[in-house]
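Q: First, the structure itself, so that you have it in front of you.
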Amino acid sequence: MVASNIIAKPVRGFGGFYAMALDTFVAIFKPPFAWREFISQSWFVARVSIVPTLMLTIPYTVLLTFTFNILLTEFGAADFSGTGAALGTVRQIGPIVTVLVVAGAGATAMCADLGARTIREELDALRVMGVNPIQALVVPRVLAATLVSLALAATVILVGLAGAYLFCVYIQHVSPGAFAAGLTLIIGAADVTIALAKAALFGLSAGMIACYKGISVGGGPAGVGNAVNETVVFTFMALFAINVVATAVAVKVTM
Amino acid sequence: MAEPWNRVGRQTKFYGNTLRSIYHAVTTYRIELIRQIAAMGLGAGALIVIGGTVAIVGFLTVTTGALVAVQGYTDFSEIGVEALTGFASAFFNVRLIAPATTAVALSATIGAGATAQLGAMRINEEIDALEVMGVRSVAYLASTRVLAGLLVVIPLYCVGVLASFWAAKFGTTVLYGQSIGVYDHYFRTFLNPTDLLWSFLQCIVLAVVIMLVHTYYGYTARGGPAGVGEAVGRAVRASLILAAFVLVMMSLAVHGQSGNFNLAG
């Protein structure tokens, strides 16, 4: 009995998540669409994510470019640091920093908000009033997370490339023309599109996990804290796993 | 105008207080310290079911280590040097991927957990009750967690580094079919033990920084249950940013001068 309970809880959780995901997809296409909530949530997630995005992209891009340049200088190929920076930023740093920011900033905020509403029984009150909380609250949040992730990934790539340029040219004394010329050597439109598609997937999953954890919270304030903690963990795990799979697919596609 | 600076000042004062109280944590609250180490290593609540912090760190480093195999092998094979994927694993996993991913995993698991627990205790007024009972709350709650994080990160980082090495090797040799001998030869040639030790030091410093930030945000949470969630969110953001900056600064300090890397001889 004990063993089956230990297995039952995560399986039940997974099942509940799947059920809510299906409900959300169906509710996206059902009128009325919660426009006001969608716009205000988009603005909220963007507001909460913009500064962490900038502050996270620059160190990671600098670190990656610096590590790559150590290698390239050994070859005498320091002029290709632009290629290395573009490769790293567009293919990996862009999606990963988006994951960190969307999961760490956006998802926690959504989960905390919905969790607080759930333990105040606000969602039950909505149901009593005949409003579907999935349609009114979850759908706009999931779509807002997707939209903002897309925008975030673009920002990360731009800021990352700019930061790498400044680091390479002014601190490692690479020639600026060589850096700029090397940017498009390997990375093309296909890679950028794939990076944006990855980011949209991340936003979708992070939004869903955050909303599910928010509406299934229980146990008072400690429960909300635990739900936010679990949101962060599960979102990171899911998004990193999606990243590997998407990278493998992208590699095949751009071969 | 002065409020952000005052906030920074208050945080720094709290960090100084926490670090200073580590002495009390070790002498008076040893049982709490050991309990924290156990809770952090294997997780608490729902995280136990998925294997705790160890499993999460391992899983995340596997997914990022696998990127070396997937991306590295295909990019290298475009110029015909796919044999060097072992080198890429030894170089990038040690210097960049394992510390960064472990820091992120730490922040998400034990960091967010600490903020959630302390935040819930704060708004239930349990911290005030502790103070009334004469327990040094900063030492009992924050310093024990910081010290426990420092101790726990060493085996956790071992797991992380090994997992990333394994993932890169598995991806290259099993999925892409490279010969194990070739992979191992280049991996062993370029695996630098000094680099590995430096990355351990980086991870320890990162763990201390992350736990300090998270315990601060948990200790000073307010505003009911929504406030706890908001504190966790803010703490995760702040610790990720700080961890990234600390990692960059330490990497530049250690490897900045010469790179500590010799491809030929």
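The chains in the structure tokens are called A, B, ... from first to last as shown; in each chain the residues are counted from 1, and the ligands are counted from 1 in the order shown.
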Quick one: which chain A residues come within 7 Å of chain B, and what is the nearest atom pair for each with the distance in Å to one decimal, counting only C-alpha atoms, rows ordered by chain and ascending number, as CSV?

A:
residue,atom,partner,partner_atom,distance
A:Pro52,CA,B:Arg237,CA,6.4
A:Met55,CA,B:Ile241,CA,6.1
A:Leu56,CA,B:Ile241,CA,5.4
A:Pro59,CA,B:Phe245,CA,5.7
A:Tyr60,CA,B:Ala244,CA,6.5
A:Leu63,CA,B:Val248,CA,5.7
A:Ile70,CA,B:Gly259,CA,5.6
A:Glu74,CA,B:Leu263,CA,6.4
A:Gly104,CA,B:Val236,CA,5.7
A:Ala105,CA,B:Gly233,CA,5.6
A:Thr108,CA,B:Gly233,CA,5.1
A:Ala109,CA,B:Gly233,CA,6.1
A:Ala112,CA,B:Gly229,CA,4.4
A:Asp113,CA,B:Ala226,CA,6.1
A:Ala116,CA,B:Ala226,CA,5.1
A:Pro221,CA,B:Pro225,CA,4.3
A:Ala222,CA,B:Ala120,CA,5.0
A:Val224,CA,B:Pro225,CA,6.3
A:Gly225,CA,B:Ala116,CA,4.4
A:Asn226,CA,B:Ala116,CA,6.1
A:Val228,CA,B:Gly229,CA,6.0
A:Asn229,CA,B:Ala112,CA,5.3
A:Val232,CA,B:Ala108,CA,5.8
A:Val233,CA,B:Ala108,CA,5.5
A:Met237,CA,B:Leu60,CA,6.4
A:Phe240,CA,B:Thr63,CA,6.2
A:Ala241,CA,B:Thr63,CA,6.0
A:Val244,CA,B:Thr63,CA,6.1
A:Ala248,CA,B:Val70,CA,6.2

Q: Find the spatial neighbours of stretch 9-21 of chain B, counting only C-alpha atoms, within a cut-off of 8 Å - ignore same-chain residues fewer than 5 positions away - and output them as a PyMOL selection string.

A: chain B and resi 138-139+142-143+212+216

Q: Looking at only C-alpha atoms, which of A:Ile6, A:Ala206, A:Ala136, A:Val101 is the one that sits closest to A:Pro31?

A: A:Ala136

Q: Would you mind reading off the distance between atom CA of A:Val45 and atom CA of A:Ala21, one decimal, in Å?

A: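 Pair atom CA of A:Val45 / atom CA of A:Ala21 returns 20.2 Å.
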
Q: Taking only C-alpha atoms into account, name the residue in B:Met1, B:Ala39, B:Ile180, B:Ala129 that is nearest to B:Ala83.

A: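 Result for the nearest residue to B:Ala83: B:Ile180.
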
Q: Counting only C-alpha atoms, figure out which residue out of A:Val51, A:Ala227, A:Leu100, A:Ser4 gets nearest to B:Ala103.

A: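 Closest to B:Ala103, using only C-alpha atoms: A:Leu100.
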
Q: What separation in Å, quoted to one decimal, exists between atom CA of B:Cys203 and atom CA of B:Pro99?

A: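 These atoms are spaced 5.8 Å apart.
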
Q: Can you pull out the residues contacting A:Thr61? Cut-off 8 Å, using only C-alpha atoms, and skip same-chain residues under 3 positions away; I want them as a ChimeraX atom specification.

A: /A:57-58,64-65,85,88-89,93,160-161,163-164

Q: As a PDB file with C-alpha atoms, in the first residue's frame, please: the residues near stretch 144-146 of chain A (cut-off 8 Å, only C-alpha atoms, same-chain neighbours under 3 positions excluded).

A:
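Produced file selection36.pdb, reproduced below:
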ATOM      1  CA  PHE A  38      -3.672  38.326 -21.656  1.00  0.00           C
ATOM      2  CA  ILE A  39      -2.277  41.811 -22.211  1.00  0.00           C
ATOM      3  CA  GLN A  41      -0.107  39.193 -17.930  1.00  0.00           C
ATOM      4  CA  SER A  42       2.167  39.711 -20.957  1.00  0.00           C
ATOM      5  CA  VAL A  45       5.909  38.712 -17.327  1.00  0.00           C
ATOM      6  CA  VAL A 102      11.076  32.366 -17.952  1.00  0.00           C
ATOM      7  CA  GLY A 106       7.853  34.386 -14.997  1.00  0.00           C
ATOM      8  CA  PRO A 140      -4.120  34.085 -21.009  1.00  0.00           C
ATOM      9  CA  ARG A 141      -1.145  33.270 -18.767  1.00  0.00           C
ATOM     10  CA  SER A 149       9.503  33.930 -24.252  1.00  0.00           C
ATOM     11  CA  LEU A 150       9.646  34.540 -27.988  1.00  0.00           C
ATOM     12  CA  ALA A 199      11.823  29.634 -26.926  1.00  0.00           C
ATOM     13  CA  ALA A 200       8.119  29.501 -27.774  1.00  0.00           C
ATOM     14  CA  LEU A 201       8.029  25.841 -26.683  1.00  0.00           C
ATOM     15  CA  PHE A 202       9.776  26.758 -23.458  1.00  0.00           C
ATOM     16  CA  GLY A 203       7.306  29.525 -22.717  1.00  0.00           C
ATOM     17  CA  LEU A 204       4.380  27.222 -23.391  1.00  0.00           C
ATOM     18  CA  ALA A 206       6.758  26.833 -18.343  1.00  0.00           C
ATOM     19  CA  GLY A 207       3.388  28.568 -18.376  1.00  0.00           C
TER      20      GLY A 207
END

Q: Could you pull out the alpha helix (DSSP H) residues of stretch 52-248 of chain A from DSSP and send them as a ChimeraX atom specification?

A: /A:52-75,81-86,94-101,108-119,122-128,133,139-166,176-182,189-215,220-248

Q: Atoms to include: C-alpha atoms. Write the selected residues as a compact mmCIF listing (two decimals), in the first residue's frame.

A:
# COMPACT_ATOMS: atom_id res chain seq x y z
CA PRO A 52 17.14 39.46 -15.30
CA THR A 53 17.40 38.72 -19.03
CA LEU A 54 19.91 41.46 -19.62
CA MET A 55 21.83 40.68 -16.44
CA LEU A 56 22.02 36.96 -17.17
CA THR A 57 22.84 37.10 -20.88
CA ILE A 58 25.93 39.21 -20.55
CA PRO A 59 27.89 37.03 -18.08
CA TYR A 60 26.99 33.76 -19.80
CA THR A 61 27.84 35.07 -23.25
CA VAL A 62 31.10 36.57 -22.00
CA LEU A 63 31.97 33.29 -20.29
CA LEU A 64 31.23 31.22 -23.38
CA THR A 65 33.07 33.59 -25.71
CA PHE A 66 36.02 33.75 -23.34
CA THR A 67 36.26 29.96 -23.09
CA PHE A 68 35.92 29.58 -26.84
CA ASN A 69 38.56 32.23 -27.52
CA ILE A 70 41.10 30.45 -25.35
CA LEU A 71 40.68 27.52 -27.71
CA LEU A 72 40.68 29.60 -30.89
CA THR A 73 43.79 31.55 -29.91
CA GLU A 74 45.64 28.25 -29.57
CA PHE A 75 44.82 27.59 -33.23
CA SER A 81 35.59 34.44 -32.42
CA GLY A 82 32.57 36.00 -34.11
CA THR A 83 31.59 32.59 -35.40
CA GLY A 84 32.04 31.05 -31.98
CA ALA A 85 30.00 33.78 -30.35
CA ALA A 86 27.17 33.45 -32.86
CA GLY A 94 19.75 32.12 -26.18
CA PRO A 95 17.42 29.23 -25.36
CA ILE A 96 19.06 28.42 -22.03
CA VAL A 97 18.97 31.96 -20.65
CA THR A 98 15.36 32.19 -21.85
CA VAL A 99 14.67 29.00 -19.87
CA LEU A 100 16.27 30.41 -16.76
CA VAL A 101 14.47 33.70 -16.93
CA THR A 108 7.33 31.61 -10.19
CA ALA A 109 5.33 34.80 -10.37
CA MET A 110 2.43 33.07 -12.15
CA CYS A 111 2.49 30.16 -9.75
CA ALA A 112 2.60 32.40 -6.69
CA ASP A 113 -0.28 34.49 -7.97
CA LEU A 114 -2.51 31.54 -8.86
CA GLY A 115 -1.50 29.66 -5.72
CA ALA A 116 -2.43 32.55 -3.47
CA ARG A 117 -5.78 32.79 -5.25
CA THR A 118 -6.38 29.07 -4.85
CA ILE A 119 -5.78 28.96 -1.14
CA GLU A 122 -10.97 32.55 -5.23
CA LEU A 123 -10.89 29.90 -7.97
CA ASP A 124 -13.76 28.04 -6.31
CA ALA A 125 -15.68 31.31 -6.13
CA LEU A 126 -15.11 31.79 -9.86
CA ARG A 127 -16.39 28.32 -10.58
CA VAL A 128 -19.49 28.99 -8.47
CA PRO A 133 -10.93 29.52 -14.29
CA VAL A 139 -5.19 30.41 -21.03
CA PRO A 140 -4.12 34.08 -21.01
CA ARG A 141 -1.15 33.27 -18.77
CA VAL A 142 0.06 30.39 -20.92
CA LEU A 143 -0.21 32.45 -24.10
CA ALA A 144 1.44 35.43 -22.40
CA ALA A 145 4.37 33.24 -21.33
CA THR A 146 4.75 31.92 -24.88
CA LEU A 147 4.68 35.38 -26.44
CA VAL A 148 7.08 36.89 -23.94
CA SER A 149 9.50 33.93 -24.25
CA LEU A 150 9.65 34.54 -27.99
CA ALA A 151 10.46 38.19 -27.42
CA LEU A 152 12.93 37.30 -24.67
CA ALA A 153 14.87 34.90 -26.89
CA ALA A 154 15.28 37.57 -29.53
CA THR A 155 16.48 40.04 -26.88
CA VAL A 156 18.90 37.51 -25.43
CA ILE A 157 20.44 36.78 -28.82
CA LEU A 158 20.86 40.47 -29.63
CA VAL A 159 22.26 41.42 -26.24
CA GLY A 160 24.49 38.36 -26.22
CA LEU A 161 26.02 39.16 -29.57
CA ALA A 162 26.53 42.78 -28.56
CA GLY A 163 28.17 41.74 -25.30
CA ALA A 164 30.40 39.23 -27.07
CA TYR A 165 31.42 41.90 -29.57
CA LEU A 166 32.39 44.34 -26.81
CA PRO A 176 36.05 44.12 -35.28
CA GLY A 177 35.69 43.50 -38.98
CA ALA A 178 36.72 39.86 -38.61
CA PHE A 179 34.26 39.44 -35.73
CA ALA A 180 31.37 40.86 -37.73
CA ALA A 181 32.26 38.89 -40.84
CA GLY A 182 32.47 35.64 -38.92
CA ALA A 189 18.15 32.20 -40.70
CA ALA A 190 17.27 28.56 -40.07
CA ASP A 191 19.19 28.52 -36.80
CA VAL A 192 17.58 31.73 -35.61
CA THR A 193 14.11 30.42 -36.46
CA ILE A 194 14.82 27.24 -34.57
CA ALA A 195 16.03 29.21 -31.55
CA LEU A 196 12.81 31.23 -31.56
CA ALA A 197 10.71 28.07 -31.95
CA LYS A 198 12.54 26.54 -28.99
CA ALA A 199 11.82 29.63 -26.93
CA ALA A 200 8.12 29.50 -27.77
CA LEU A 201 8.03 25.84 -26.68
CA PHE A 202 9.78 26.76 -23.46
CA GLY A 203 7.31 29.52 -22.72
CA LEU A 204 4.38 27.22 -23.39
CA SER A 205 5.67 24.47 -21.09
CA ALA A 206 6.76 26.83 -18.34
CA GLY A 207 3.39 28.57 -18.38
CA MET A 208 1.50 25.27 -18.23
CA ILE A 209 3.59 23.84 -15.41
CA ALA A 210 3.37 27.06 -13.41
CA CYS A 211 -0.39 27.31 -13.82
CA TYR A 212 -0.93 23.65 -12.98
CA LYS A 213 1.15 23.91 -9.82
CA GLY A 214 -0.68 27.12 -8.95
CA ILE A 215 -4.18 25.77 -9.26
CA GLY A 220 -1.76 27.17 3.27
CA PRO A 221 1.17 29.54 2.82
CA ALA A 222 3.75 26.78 3.23
CA GLY A 223 1.96 24.99 0.41
CA VAL A 224 2.31 28.01 -1.86
CA GLY A 225 6.02 28.23 -1.09
CA ASN A 226 6.43 24.52 -1.84
CA ALA A 227 4.42 24.83 -5.04
CA VAL A 228 6.66 27.65 -6.26
CA ASN A 229 9.74 25.62 -5.37
CA GLU A 230 8.43 22.62 -7.27
CA THR A 231 7.48 24.84 -10.21
CA VAL A 232 11.05 26.05 -10.50
CA VAL A 233 12.46 22.53 -10.29
CA PHE A 234 10.01 20.88 -12.69
CA THR A 235 10.17 23.74 -15.16
CA PHE A 236 13.96 23.63 -15.24
CA MET A 237 13.95 19.87 -15.74
CA ALA A 238 11.31 19.94 -18.44
CA LEU A 239 12.87 22.84 -20.30
CA PHE A 240 16.41 21.48 -20.21
CA ALA A 241 15.11 18.14 -21.48
CA ILE A 242 13.17 19.89 -24.27
CA ASN A 243 16.35 21.81 -25.11
CA VAL A 244 18.37 18.64 -25.73
CA VAL A 245 15.64 17.11 -27.89
CA ALA A 246 15.13 20.35 -29.84
CA THR A 247 18.89 20.70 -30.34
CA ALA A 248 19.09 17.17 -31.73

Q: Using only C-alpha atoms, which residues sit within 8 Å of stretch 151-154 of chain B once same-chain residues fewer than 5 positions away are excluded, as number ranges by chain?

A: B: 37, 40-41, 200, 203-204, 207

Q: Selection from above, N, CA and C atoms, as a CSV table (one decimal), in the first residue's frame, can you write it?

A:
chain,number,residue,atom,x,y,z
B,37,ILE,N,21.6,19.3,6.3
B,37,ILE,CA,22.5,18.6,5.3
B,37,ILE,C,21.7,17.4,4.7
B,40,MET,N,18.8,18.7,2.5
B,40,MET,CA,19.3,19.3,1.2
B,40,MET,C,19.8,18.2,0.2
B,41,GLY,N,20.4,17.2,0.8
B,41,GLY,CA,21.0,16.2,-0.1
B,41,GLY,C,19.9,15.4,-0.8
B,200,PHE,N,35.8,23.1,-8.9
B,200,PHE,CA,35.2,22.8,-7.6
B,200,PHE,C,35.1,24.0,-6.7
B,203,CYS,N,32.4,26.2,-7.7
B,203,CYS,CA,31.1,25.8,-7.3
B,203,CYS,C,30.8,26.0,-5.8
B,204,ILE,N,31.9,25.9,-5.0
B,204,ILE,CA,31.7,26.1,-3.5
B,204,ILE,C,31.4,27.6,-3.3
B,207,ALA,N,27.9,28.2,-4.3
B,207,ALA,CA,26.9,27.6,-3.4
B,207,ALA,C,26.7,28.6,-2.2

Q: Work out how far apart atom CA of A:Thr254 and atom CA of B:Leu175 are and give it in Å to one decimal.

A: 18.6 Å
